[in-house]
Every structure is written in structure tokens, then in C-alpha cells.
Amino acid sequence: MKKDRKKKSVTDNTEPNQTLPKKQGRREFLLKTGGLLAAGAFGAVPLRGWAADPVNIGALYPTTGSMAQIGVGCVAAAKLAVEMVNDAGGIKSLGGAKLNLILSDVQSDTTVTRTETDRLITGNKLSAIHGCFASALTLIASEVAERAKMPLITGSSSDQLNKGRTYTFTPFARASQFARAQLQMSKLVSDQPKVAVIFENTAFGTSTSNGLKELAPAEGVEIVMFEPYSAGFTDASPLINKVKSSGANALFSVSYLNDLILIVRTVKQVGLNIAINGGSGGFVIPDFYKNVGKLAEGLQGVAHWNHDMDANAEKVNVEYKKRTGEFLFEYAGGLVAQTFMIADALERAASTDPQKVRDALSTLDVSSGYAAMAPGGKVKFGPDGKNVYGRPVGVQWQNGDLASVFPKEDARAPLMKT
Amino acid sequence: MWETVAQAVINGLLIGGIYALVSIGVTLIFGVVKIVNFAQGEFVMIGMYISFFLANQFGIDPIVSLLVSMPALFAAGVLIQHFLIRRVLGPNDMPQIFLTFALSLLLLNLALMLFSANYRTVHTSYSDEAIHIGGLYIPVAKLIAFVVAMVLSGALWVFLHTTDLGKAMRAAAQNRDVATLMGINPNRVFCVALGIALALAGAAGSLLMPFYSAYPFVGQVFVLMAFVAVVLGTLGNVIGALVASLMMGVAESLGIQFVGADSGLIVVFAMLLLTLAFKPTGLGGGRAR
């Protein structure tokens with residue numbers, strides 16, 4: 001029993017001084033995150049020993065390496081989500097069992113992701129995993145999880161995750177849906193959208209822009225300019241000159257940040273009145289606005305989650321903002337919802353067995369509460385693990401905040417004309 | 001039609017001014033010290049970060065921060081010449097090449113470690129402004145950069161032709177042994193040359209900051225253009241590098257406008273190859289040694 005009392009709600013696998021509980025930082029950490037929950041656990045312990053055993057949830061995120069910035073935000077959200085579930089009484093069908101988050105740093109590296117996922121599954125008695133956000137890492141983690149028959153739920157948008165997998169669940173919009181949403185957004189700008197597509201001449205740029213080109217006729221969007229450029233150029237003026245003479249009223253830029261900044265700036269200098277949509281990319285995170293500032297105002301994009309979609313999302317956003325100082329970005333917000341989906345499955349499975357959790361996830365059907373925090377407000381998985389109601393949300397930078405503007409059902413602010 | 005061409009020429013000249021600052025530095029070092037400085041782009045990057053942090057922390061305008069970035073990089077140039085390059089100035093070229101190349105890699109990775117790979121931008125009141133004349137427009141930030149770049153180039157020319165130190169530098173460039181015999185201290189001249197070259201790179205960085213983002217790899221973008229300009233304008237020829245840089249800016253701009261946005265550089269390299277085929281010493285003429 002004594003052992004149980006010492007158990008914390010959050011176990012950090014990556015923490016090197018796990019055997020030094022006397023360290024000041026650790027005590028503080030415990031006080032902040034675990035104190036309340038540990039107190040709750042005391043109450044549950046005397047009832048029956050096994051009933052209060054915490055349920056282990058694995059979380060795979062890169063907290064070091066090139067993707068660390070987003071990964072660290074994800075971890076903060078993962079901890080918040082577990083606290084929320086536990087504060088609300090844990091898993092009632094398991095005697096109020098608490099969720100215990102086991103974190104693992106996948107170091108932004110595919111090889112490490114493979115070994116860490118394996119280690120996480122074999123070294124702990126897990127019930128489910130969420131994670132990775134980055135598609136390249138998630139694809140690997142999902143492979144390992146499938147083999148170990150461990151349910152994995154992820155915010156990654158890669159369509160490949162829905163092929164030949166039975167333990168992988170994707171509650172949010174798929175990559176293939178993003179292009180369509182982007183084209184539909186251009187109709188907010190004008191009844192007769194004339195779109196100029198400029199893209200960097202790389203695999204990423206070419207495949208994304210070709211997707212847009214293929215879908216455009218069906219969506220009734222005219223593409224008046226379709227032009228590749230060399231990534232990392234020094235001067236966007238000649239390119240924007242071309243956009244100007246094409247007569248486009250919307251500009252889709254398939255670019256990485258640096259080029260996008262240059263393009264946005266040049267459009268302003270030329271005095272060109274055009275709506276810019278950057279699609280889905282790294283510019284829907286808080287850091288983008290910090291780096292780019294006012295230049296970002298009015299910039300449109302597509303995300304799989306946004307913090308102002310519904311009242312629940314806004315509530316979580318307030319709490320997350322209090323802790324990190326930044327708004328809840330798409331991956332972090334999405335994984336809070338994912339944690340509640342796992343909790344919902346555990347509740348119905350009344351078991352910590354991964355196979356039973358997987359079966360419960362496959363019959364998940366929610367339309368209210370934190371688990372339903374997704375564009376559209378409904379989550380139900382099809383046989384391919386895809387949310388049958390999944391759709392992206394169109395967003396726009398407005399006054400330093402990312403506002404949902406598309407589709408109508410999710411919109412919380414009208415599109416700001418630039 | 002003429003409007004499009006005129007606009008492309010304006011864009012090209014403006015960006016060419018920045019290429020000029022970088023390439024003049026490279027050509028000056030090559031002309032005087034006879035080494036190729038592969039790290040020149042990284043000093044542009046450092047100049048950009050200096051301006052970024054001054055703007056971010058103290059709200060200093062990037063153009064004003066020239067007064068910090070130029071002296072700082074001048075000092076860096078003197079120190080690098082005195083403690084590093086001086087040691088490898090022998091008959092063998094290889095150590096010099098490896099030294100500047102290693103310096104480039106070191107600075108690049110240090111920047112990655114210290115500043116991360118994020119893009120940093122500075123927003124000034126004139127960053128998005130442009131002067132509109134008829135159907136043409138001239139971005140204010142680039143115009144300022146161009147004017148300052150031309151003033152600095154002019155000042156360098158005056159320095160090289162009217163001051164004793166400048167004349168000593170040209171003498172050392174023309175014939176190091178004879179210059180030494182005439183009582184010129186080569187190390188002192190080399191230190192000043194390195195200092196001026198790096199200060200110009202720093203100036204390019206500060207001037208870029210209002211309209212371009214800083215990131216650790218940013219130098220590579222400009223150093224490629226600088227090397228082409230240096231060869232095109234004859235190695236070691238300052239005026240040649242300046243003219244070649246402006247030509248390249250215009251060629252690139254016209255290339256993007258009329259060939260394709262992903263092939264602007266085709267025109268630049270075609271120009272380089274044609275020049276070398278018909279005038280192997282470059283446009284600057286016989287001053288190459």
C-alpha cells in the first residue's frame with residue numbers, strides 16, 4: 001500500500017534523476033502537478049488495492065531536436081489533459097482509477113522513435129498511446145504499436161496512417177482534405193475566385209500544389225497562375241510582379257516560413273490587394289506571430305484543430321495559456337481531445353487491457369464533452385481508424401490570435417479582408 | 001511591357017546592391033591577402049543577428065545598428081587575420097582554404113546552437129512601404145539598403161585611392177614582395193583588409209534586416225551570388241565586383257520575370273559562362289594577378 005501512496009500521476013521517463021526524490025525541483029513539480037491527485041488517490045486506496053491502480057498512458061513527443069518546440073508544447077498539453085481527467089474523478093468504471101502519463105522523448109528522429117516506442121510498450125504496462133504529431137515519426141510509432149497490438153491515437157494528418165492499420169486512430173482531418181478546404185476558403189474572398197498558386201520547386205511544393213490543381217475545377221475555382229520558384233530566393237519582387245499581372249484575387253503560397261515572409265512583405269510593398277492563404281504548415285503556431293509580427297495579420301491557413309472552435313476548447317485554452325503563456329495550438333489542443341477519447345474508451349471497456357481499449361475506441365461515438373473537441377464537434381471512427389466526421393478548419397491571423405473563419409459551422413469570426 | 005521590364009530592372013539593381021557589399025568583401029580579401037574567404041556569408045549572418053538583437057532588445061533601427069555591426073565585424077576581421085589567417089599564409093593554398101571553410105562551418109553551427117533554426121524578422125515603419133512612381137514601385141527598405149551600399153562602396157574606393165593605407169593596400173595587392181621592400185607592413189595591411197571586408201559583410205547584414213529574415217543558413221544564399229560576381233568582375237577587382245553584382249541582380253530579376261521563377265539563376269550562370277568563354281579573366285580586364 002505504501003508503494004501506492006508514493007505513486008505520482010505523472011511519470012517522466014526522460015527525467016534522469018528519478019532516484020533522487022529529494023531534489024528541490026522535483027518536489028516543486030510534485031506539488032504543482034501531483035499534489036491534488038495524490039490526495040485523491042489516498043481516498044481511493046483503502047477501498048480496494050487493485051481498483052486504484054493507475055492506468056498507464058504512453059505519450060511519444062519530440063522534446064529535443066529540430067521538432068522540440070512543438071513537442072514541448074504537446075507535453076504541456078498532455079499533462080494538462082491527464083490532470084483534467086483525474087480531477088474529474090478518473091475512470092469511474094475502474095473504481096476511479098487515475099491516468100498516469102508516461103512520457104517518452106522521441107528526439108525528432110525516426111530511428112529513436114522506433115526504439116523509444118518499443119521501449120515504452122515493452123517496459124510499461126500501457127493501455128494506450130498518443131503521439132508524435134510529426135507524420136514522419138508517427139508513421140514509425142504506428143508501425144511498432146500495430147505489431148505490439150497497442151492502440152495509438154494521433155493528430156498526424158498523413159493519409160498513410162489509415163491504410164492497413166487496426167490499432168491506429170486518427171480523429172482529425174486527413175492531409176487529402178486540406179487542399180479542398182483551402183480551395184473552398186477562396187470563395188470567402190470572392191464569388192469568382194481567381195487563384196494564383198506559387199510553390200517552391202521541391203517534392204513538398206510540387207505534390208501539394210498538384211493536389212490543389214487537380215481539385216480546383218470540381219470546386220469551381222479558377223487557377224490563373226501556377227508557378228514554381230526556387231526555395232530560399234533573395235527577392236520575391238519579380239514573382240509578385242507576375243502574380244499582379246495574372247489578375248488573381250487570391251494567392252496560395254506553398255512555401256516554408258522564410259519564403260512566405262518574403263512573399264507577404266513584397267505583396268504589401270507592391271500594394272497588391274490579394275488574400276494570401278498559406279495552407280497547412282508551420283505558421284499556425286504561436287511562434288510564427290512572435291517572429292513575424294504584424295505582417296502575419298490577415299494571413300489565412302488550414303488547421304486540423306483550433307482553440308476557439310467551441311466552449312470546451314476555449315476553456316482548455318485559458319488553462320493552457322495560464323501555464324505556458326501561449327495559446328493552445330492545433331497539435332496540443334488536439335491531443336487534449338485525444339486523451340479524453342482514450343478516457344472514454346477506458347470507461348466503456350472497464351479494463352486496462354490494450355485490446356479491449358482498442359475495441360472500445362473503434363466503437364467510440366461522441367458529440368459532446370472534451371472528447372468531441374474537433375472541427376464538426378463529432379468523433380466516430382470508421383474501419384480505417386479515420387474519424388468519419390473529420391474535417392479541417394480554416395483559420396486566419398487576427399489581432400495576434402488565430403481565429404476560426406471556415407467552414408460556417410466552426411467559424412467564430414468573419415474573414416478579415418486584407 | 002516596358003513597365004514590366006523597368007520594374008524587373010529596378011528590382012534587380014536594388015538586390016544587386018546587397019550582392020555588391022558581399023562580393024566586394026570577398027574580392028578585397030582575395031586581392032590583398034590572396035585567400036578565398038568561404039566564411040563571408042556567415043559574417044553577413046552575424047551582421048543580421050546583431051541588428052536583430054539590437055532591434056529586438058533595444059528597439060534600435062537596423063540601419064542605425066550599422067554603427068554597431070560594422071565596427072564589431074571590423075574588429076572580428078582584424079582578430080581573425082592576426083590569430084588565424086596569418087598562421088597559414090604560406091606557399092601552400094590548402095590550409096587557407098580549409099581554415100576559412102572550417103570557420104564557415106563553425107560559425108554556422110554555433111548560430112544553429114545559439115539562435116536555433118528559426119526565422120527572425122525585424123519590422124520597421126518602412127519595411128512594407130514603397131514609393132510608387134507611375135506604374136512602378138520602389139520598396140523603401142531596399143532603396144535605403146541600395147543607397148547605403150553604394151555610399152559604402154564609394155567610400156571604399158576613395159579610401160583605396162587617396163589614403164596612404166589604401167594605397168599601401170593596393171600596392172600589396174599588386175605585388176606583395178615589392179610592397180614589403182617599400183616598407184609596407186603586410187600584416188597590418190592584411191588586418192585592415194580583413195576588417196574592411198567583414199565590416200562590409202556586417203553592413204550587408206544590417207541593411208538586409210528590414211526586409212529579409214535572419215536564420216543560420218542565410219549567408220549561403222548570398223555568398224553563392226558573391227562568388228559568381230567576384231569571378232565575373234575579375235578576381236581582386238573592387239569596381240569589377242560592384243558592376244558584376246548589379247548586372248547579376250538585373251539578370252536574375254529578368255530571368256525570373258521572363259524565363260520562370262525557378263530558373264532565374266539560369267540567366268546568371270549563363271552570363272558567367274559566356275563571359276568566361278570570351279573573356280577568361282572576367283569583365284574587369286587585365287588587373288587579375
# chains A, B, ... in the order shown; residues from 1 in each chain; ligands from 1
$ interface_residues --of "chain B" --to "chain A" --cutoff "7 Å" --atoms "only C-alpha atoms" --output "short mmCIF file (atom, residue, chain, number, x, y, z; two decimals) with C-alpha atoms, in the first residue's frame"
data_model
loop_
_atom_site.label_atom_id
_atom_site.label_comp_id
_atom_site.auth_asym_id
_atom_site.auth_seq_id
_atom_site.Cartn_x
_atom_site.Cartn_y
_atom_site.Cartn_z
CA ALA B 8 12.40 44.00 -63.18
CA ASN B 11 14.24 45.08 -58.52
CA TYR B 119 13.47 32.70 -38.88
CA ARG B 120 13.82 36.10 -37.21
CA THR B 121 12.45 39.24 -38.69
CA ASP B 128 6.36 47.37 -46.05
CA GLU B 129 6.45 50.83 -47.59
CA ALA B 130 7.15 51.56 -51.23
CA TYR B 137 7.21 50.91 -57.26
CA PRO B 139 10.46 49.39 -51.85
CA TYR B 212 14.82 39.75 -45.15
CA SER B 213 14.69 37.21 -42.32
CA SER B 253 15.34 39.54 -61.93
CA ILE B 256 12.56 35.24 -63.02
CA GLN B 257 10.24 37.54 -64.94
CA ALA B 261 10.59 31.87 -61.13
CA ASP B 262 12.53 28.68 -60.51
#
$ residues_around --residues "B:Leu207" --least-positions-apart "3" --cutoff "7 Å" --atoms "only C-alpha atoms" --output "list in words"
Pro62, Ile63, Ala145, Ala203, Ala204 and Pro210 of chain B
$ write_last_selection --atoms "N, CA and C atoms" --output "JSON list (two decimals), in the first residue's frame"
[["chain", "number", "residue", "atom", "x", "y", "z"],
["B", 62, "PRO", "N", 17.46, 48.85, -37.62],
["B", 62, "PRO", "CA", 18.56, 48.07, -38.21],
["B", 62, "PRO", "C", 19.57, 48.94, -38.96],
["B", 63, "ILE", "N", 19.11, 50.01, -39.61],
["B", 63, "ILE", "CA", 20.04, 50.86, -40.35],
["B", 63, "ILE", "C", 20.99, 51.56, -39.38],
["B", 145, "ALA", "N", 18.84, 50.39, -48.46],
["B", 145, "ALA", "CA", 19.95, 49.44, -48.48],
["B", 145, "ALA", "C", 20.85, 49.71, -49.69],
["B", 203, "ALA", "N", 27.66, 45.18, -42.73],
["B", 203, "ALA", "CA", 26.76, 46.22, -43.23],
["B", 203, "ALA", "C", 25.67, 45.58, -44.08],
["B", 204, "ALA", "N", 26.07, 44.62, -44.94],
["B", 204, "ALA", "CA", 25.07, 43.94, -45.77],
["B", 204, "ALA", "C", 24.01, 43.29, -44.88],
["B", 210, "PRO", "N", 15.79, 44.82, -42.44],
["B", 210, "PRO", "CA", 14.41, 45.33, -42.52],
["B", 210, "PRO", "C", 13.54, 44.59, -43.53]]
$ select_by_dssp --residues "stretch 152-300 of chain A" --states "helix (DSSP H, G or I)" --output "PDB file with C-alpha atoms, in the first residue's frame"
ATOM      1  CA  ASP A 159      -3.311   9.545 -45.113  1.00  0.00           C
ATOM      2  CA  GLN A 160      -0.953   6.590 -44.893  1.00  0.00           C
ATOM      3  CA  LEU A 161      -1.934   6.094 -41.253  1.00  0.00           C
ATOM      4  CA  ASN A 162      -5.350   4.902 -42.426  1.00  0.00           C
ATOM      5  CA  ALA A 175      -3.972  15.602 -45.498  1.00  0.00           C
ATOM      6  CA  SER A 176      -6.154  14.935 -48.557  1.00  0.00           C
ATOM      7  CA  GLN A 177      -8.914  17.091 -47.067  1.00  0.00           C
ATOM      8  CA  PHE A 178      -6.751  20.148 -46.528  1.00  0.00           C
ATOM      9  CA  ALA A 179      -6.412  21.139 -50.198  1.00  0.00           C
ATOM     10  CA  ARG A 180     -10.175  21.022 -50.711  1.00  0.00           C
ATOM     11  CA  ALA A 181     -10.767  23.207 -47.658  1.00  0.00           C
ATOM     12  CA  GLN A 182      -8.191  25.693 -48.899  1.00  0.00           C
ATOM     13  CA  LEU A 183      -9.916  25.965 -52.282  1.00  0.00           C
ATOM     14  CA  GLN A 184     -13.298  26.411 -50.616  1.00  0.00           C
ATOM     15  CA  MET A 185     -11.875  29.192 -48.449  1.00  0.00           C
ATOM     16  CA  SER A 186     -11.003  31.181 -51.552  1.00  0.00           C
ATOM     17  CA  LYS A 187     -14.732  31.510 -52.162  1.00  0.00           C
ATOM     18  CA  LEU A 188     -14.965  33.558 -48.988  1.00  0.00           C
ATOM     19  CA  VAL A 189     -12.722  36.095 -50.671  1.00  0.00           C
ATOM     20  CA  ALA A 203       8.785  17.464 -53.556  1.00  0.00           C
ATOM     21  CA  PHE A 204       6.678  19.131 -50.870  1.00  0.00           C
ATOM     22  CA  GLY A 205       5.798  22.128 -53.020  1.00  0.00           C
ATOM     23  CA  THR A 206       5.132  20.179 -56.191  1.00  0.00           C
ATOM     24  CA  SER A 207       2.919  17.492 -54.654  1.00  0.00           C
ATOM     25  CA  THR A 208       0.876  19.953 -52.593  1.00  0.00           C
ATOM     26  CA  SER A 209       0.299  22.339 -55.498  1.00  0.00           C
ATOM     27  CA  ASN A 210      -0.600  19.495 -57.868  1.00  0.00           C
ATOM     28  CA  GLY A 211      -3.226  18.410 -55.335  1.00  0.00           C
ATOM     29  CA  LEU A 212      -4.696  21.908 -55.451  1.00  0.00           C
ATOM     30  CA  LYS A 213      -4.658  21.987 -59.248  1.00  0.00           C
ATOM     31  CA  GLU A 214      -6.476  18.646 -59.547  1.00  0.00           C
ATOM     32  CA  LEU A 215      -9.264  19.602 -57.152  1.00  0.00           C
ATOM     33  CA  ALA A 216      -9.774  23.171 -58.379  1.00  0.00           C
ATOM     34  CA  PRO A 217     -12.192  22.501 -61.311  1.00  0.00           C
ATOM     35  CA  ALA A 218     -14.530  20.409 -59.136  1.00  0.00           C
ATOM     36  CA  GLU A 219     -14.643  23.200 -56.560  1.00  0.00           C
ATOM     37  CA  SER A 237       9.501  41.058 -56.320  1.00  0.00           C
ATOM     38  CA  PRO A 238       9.655  39.545 -59.830  1.00  0.00           C
ATOM     39  CA  LEU A 239       7.397  36.678 -58.731  1.00  0.00           C
ATOM     40  CA  ILE A 240       4.854  39.035 -57.168  1.00  0.00           C
ATOM     41  CA  ASN A 241       5.022  41.136 -60.338  1.00  0.00           C
ATOM     42  CA  LYS A 242       3.814  38.066 -62.196  1.00  0.00           C
ATOM     43  CA  VAL A 243       1.045  37.461 -59.675  1.00  0.00           C
ATOM     44  CA  LYS A 244      -0.048  41.061 -60.161  1.00  0.00           C
ATOM     45  CA  SER A 245      -0.281  40.754 -63.924  1.00  0.00           C
ATOM     46  CA  SER A 246      -2.191  37.461 -63.625  1.00  0.00           C
ATOM     47  CA  LEU A 257       8.388  30.223 -43.474  1.00  0.00           C
ATOM     48  CA  ASN A 258      11.280  32.241 -44.831  1.00  0.00           C
ATOM     49  CA  ASP A 259       9.920  32.452 -48.360  1.00  0.00           C
ATOM     50  CA  LEU A 260       6.405  33.054 -47.074  1.00  0.00           C
ATOM     51  CA  ILE A 261       7.574  36.048 -45.027  1.00  0.00           C
ATOM     52  CA  LEU A 262       9.346  37.491 -48.061  1.00  0.00           C
ATOM     53  CA  ILE A 263       6.273  36.948 -50.236  1.00  0.00           C
ATOM     54  CA  VAL A 264       3.877  38.544 -47.729  1.00  0.00           C
ATOM     55  CA  ARG A 265       6.165  41.535 -47.330  1.00  0.00           C
ATOM     56  CA  THR A 266       6.584  42.031 -51.061  1.00  0.00           C
ATOM     57  CA  VAL A 267       2.826  41.822 -51.633  1.00  0.00           C
ATOM     58  CA  LYS A 268       2.425  44.691 -49.166  1.00  0.00           C
ATOM     59  CA  GLN A 269       5.142  46.755 -50.835  1.00  0.00           C
ATOM     60  CA  VAL A 270       3.673  46.294 -54.285  1.00  0.00           C
ATOM     61  CA  GLY A 282       4.259  25.780 -39.567  1.00  0.00           C
ATOM     62  CA  PHE A 283       2.655  29.189 -39.473  1.00  0.00           C
ATOM     63  CA  VAL A 284      -0.402  28.289 -37.398  1.00  0.00           C
ATOM     64  CA  PRO A 286       2.177  30.922 -31.673  1.00  0.00           C
ATOM     65  CA  ASP A 287       5.845  31.227 -32.533  1.00  0.00           C
ATOM     66  CA  PHE A 288       5.060  32.345 -36.058  1.00  0.00           C
ATOM     67  CA  TYR A 289       3.352  35.506 -34.902  1.00  0.00           C
ATOM     68  CA  LYS A 290       6.164  36.178 -32.450  1.00  0.00           C
ATOM     69  CA  ASN A 291       8.699  36.023 -35.262  1.00  0.00           C
ATOM     70  CA  VAL A 292       6.728  37.738 -37.956  1.00  0.00           C
ATOM     71  CA  GLY A 293       4.585  40.173 -36.025  1.00  0.00           C
ATOM     72  CA  LYS A 294       2.022  42.376 -37.732  1.00  0.00           C
ATOM     73  CA  LEU A 295       2.980  41.053 -41.123  1.00  0.00           C
ATOM     74  CA  ALA A 296       1.021  37.917 -40.263  1.00  0.00           C
TER      75      ALA A 296
END
$ closest_residue --among "A:Val405, A:Met225, A:Ala303, A:Val82" --to "A:Met341" --atoms "only C-alpha atoms"
A:Val82
$ residues_around --residues "stretch 375-390 of chain A" --least-positions-apart "6" --cutoff "9 Å" --atoms "only C-alpha atoms" --output "ChimeraX atom specification"
/A:161-174,304-306,309-310,341,361-368,409-410
$ select_by_dssp --residues "stretch 81-128 of chain A" --states "strand (DSSP E or B)" --output "VMD selection string"
chain A and resid 91 97 99 to 105 126 to 128
$ residues_around --residues "B:Asp61" --least-positions-apart "5" --cutoff "10 Å" --atoms "only C-alpha atoms" --output "list in words"
Ser51, Phe52, Leu54, Ala55, Asn56, Leu66, Val122, His123, Thr124, Ser125, Ser206, Met209 and Pro210 of chain B
$ atom_distance --atom1 "atom CA of B:Val178" --atom2 "atom CA of B:Leu200"
28.0 Å
$ residues_around --residues "B:Asp93" --least-positions-apart "3" --cutoff "10 Å" --atoms "only C-alpha atoms" --output "CSV table (one decimal) with C-alpha atoms, in the first residue's frame"
chain,number,residue,atom,x,y,z
B,34,LYS,CA,45.2,36.2,-51.7
B,35,ILE,CA,42.9,33.9,-49.9
B,36,VAL,CA,39.3,32.9,-50.7
B,88,VAL,CA,48.5,29.7,-42.6
B,89,LEU,CA,49.8,32.3,-45.2
B,90,GLY,CA,52.4,30.1,-46.7
B,96,GLN,CA,43.9,28.6,-46.1
B,97,ILE,CA,41.0,27.0,-47.9
B,98,PHE,CA,40.4,24.6,-45.0
$ atom_distance --atom1 "atom CA of B:Leu232" --atom2 "atom CA of B:Gly284"
7.8 Å
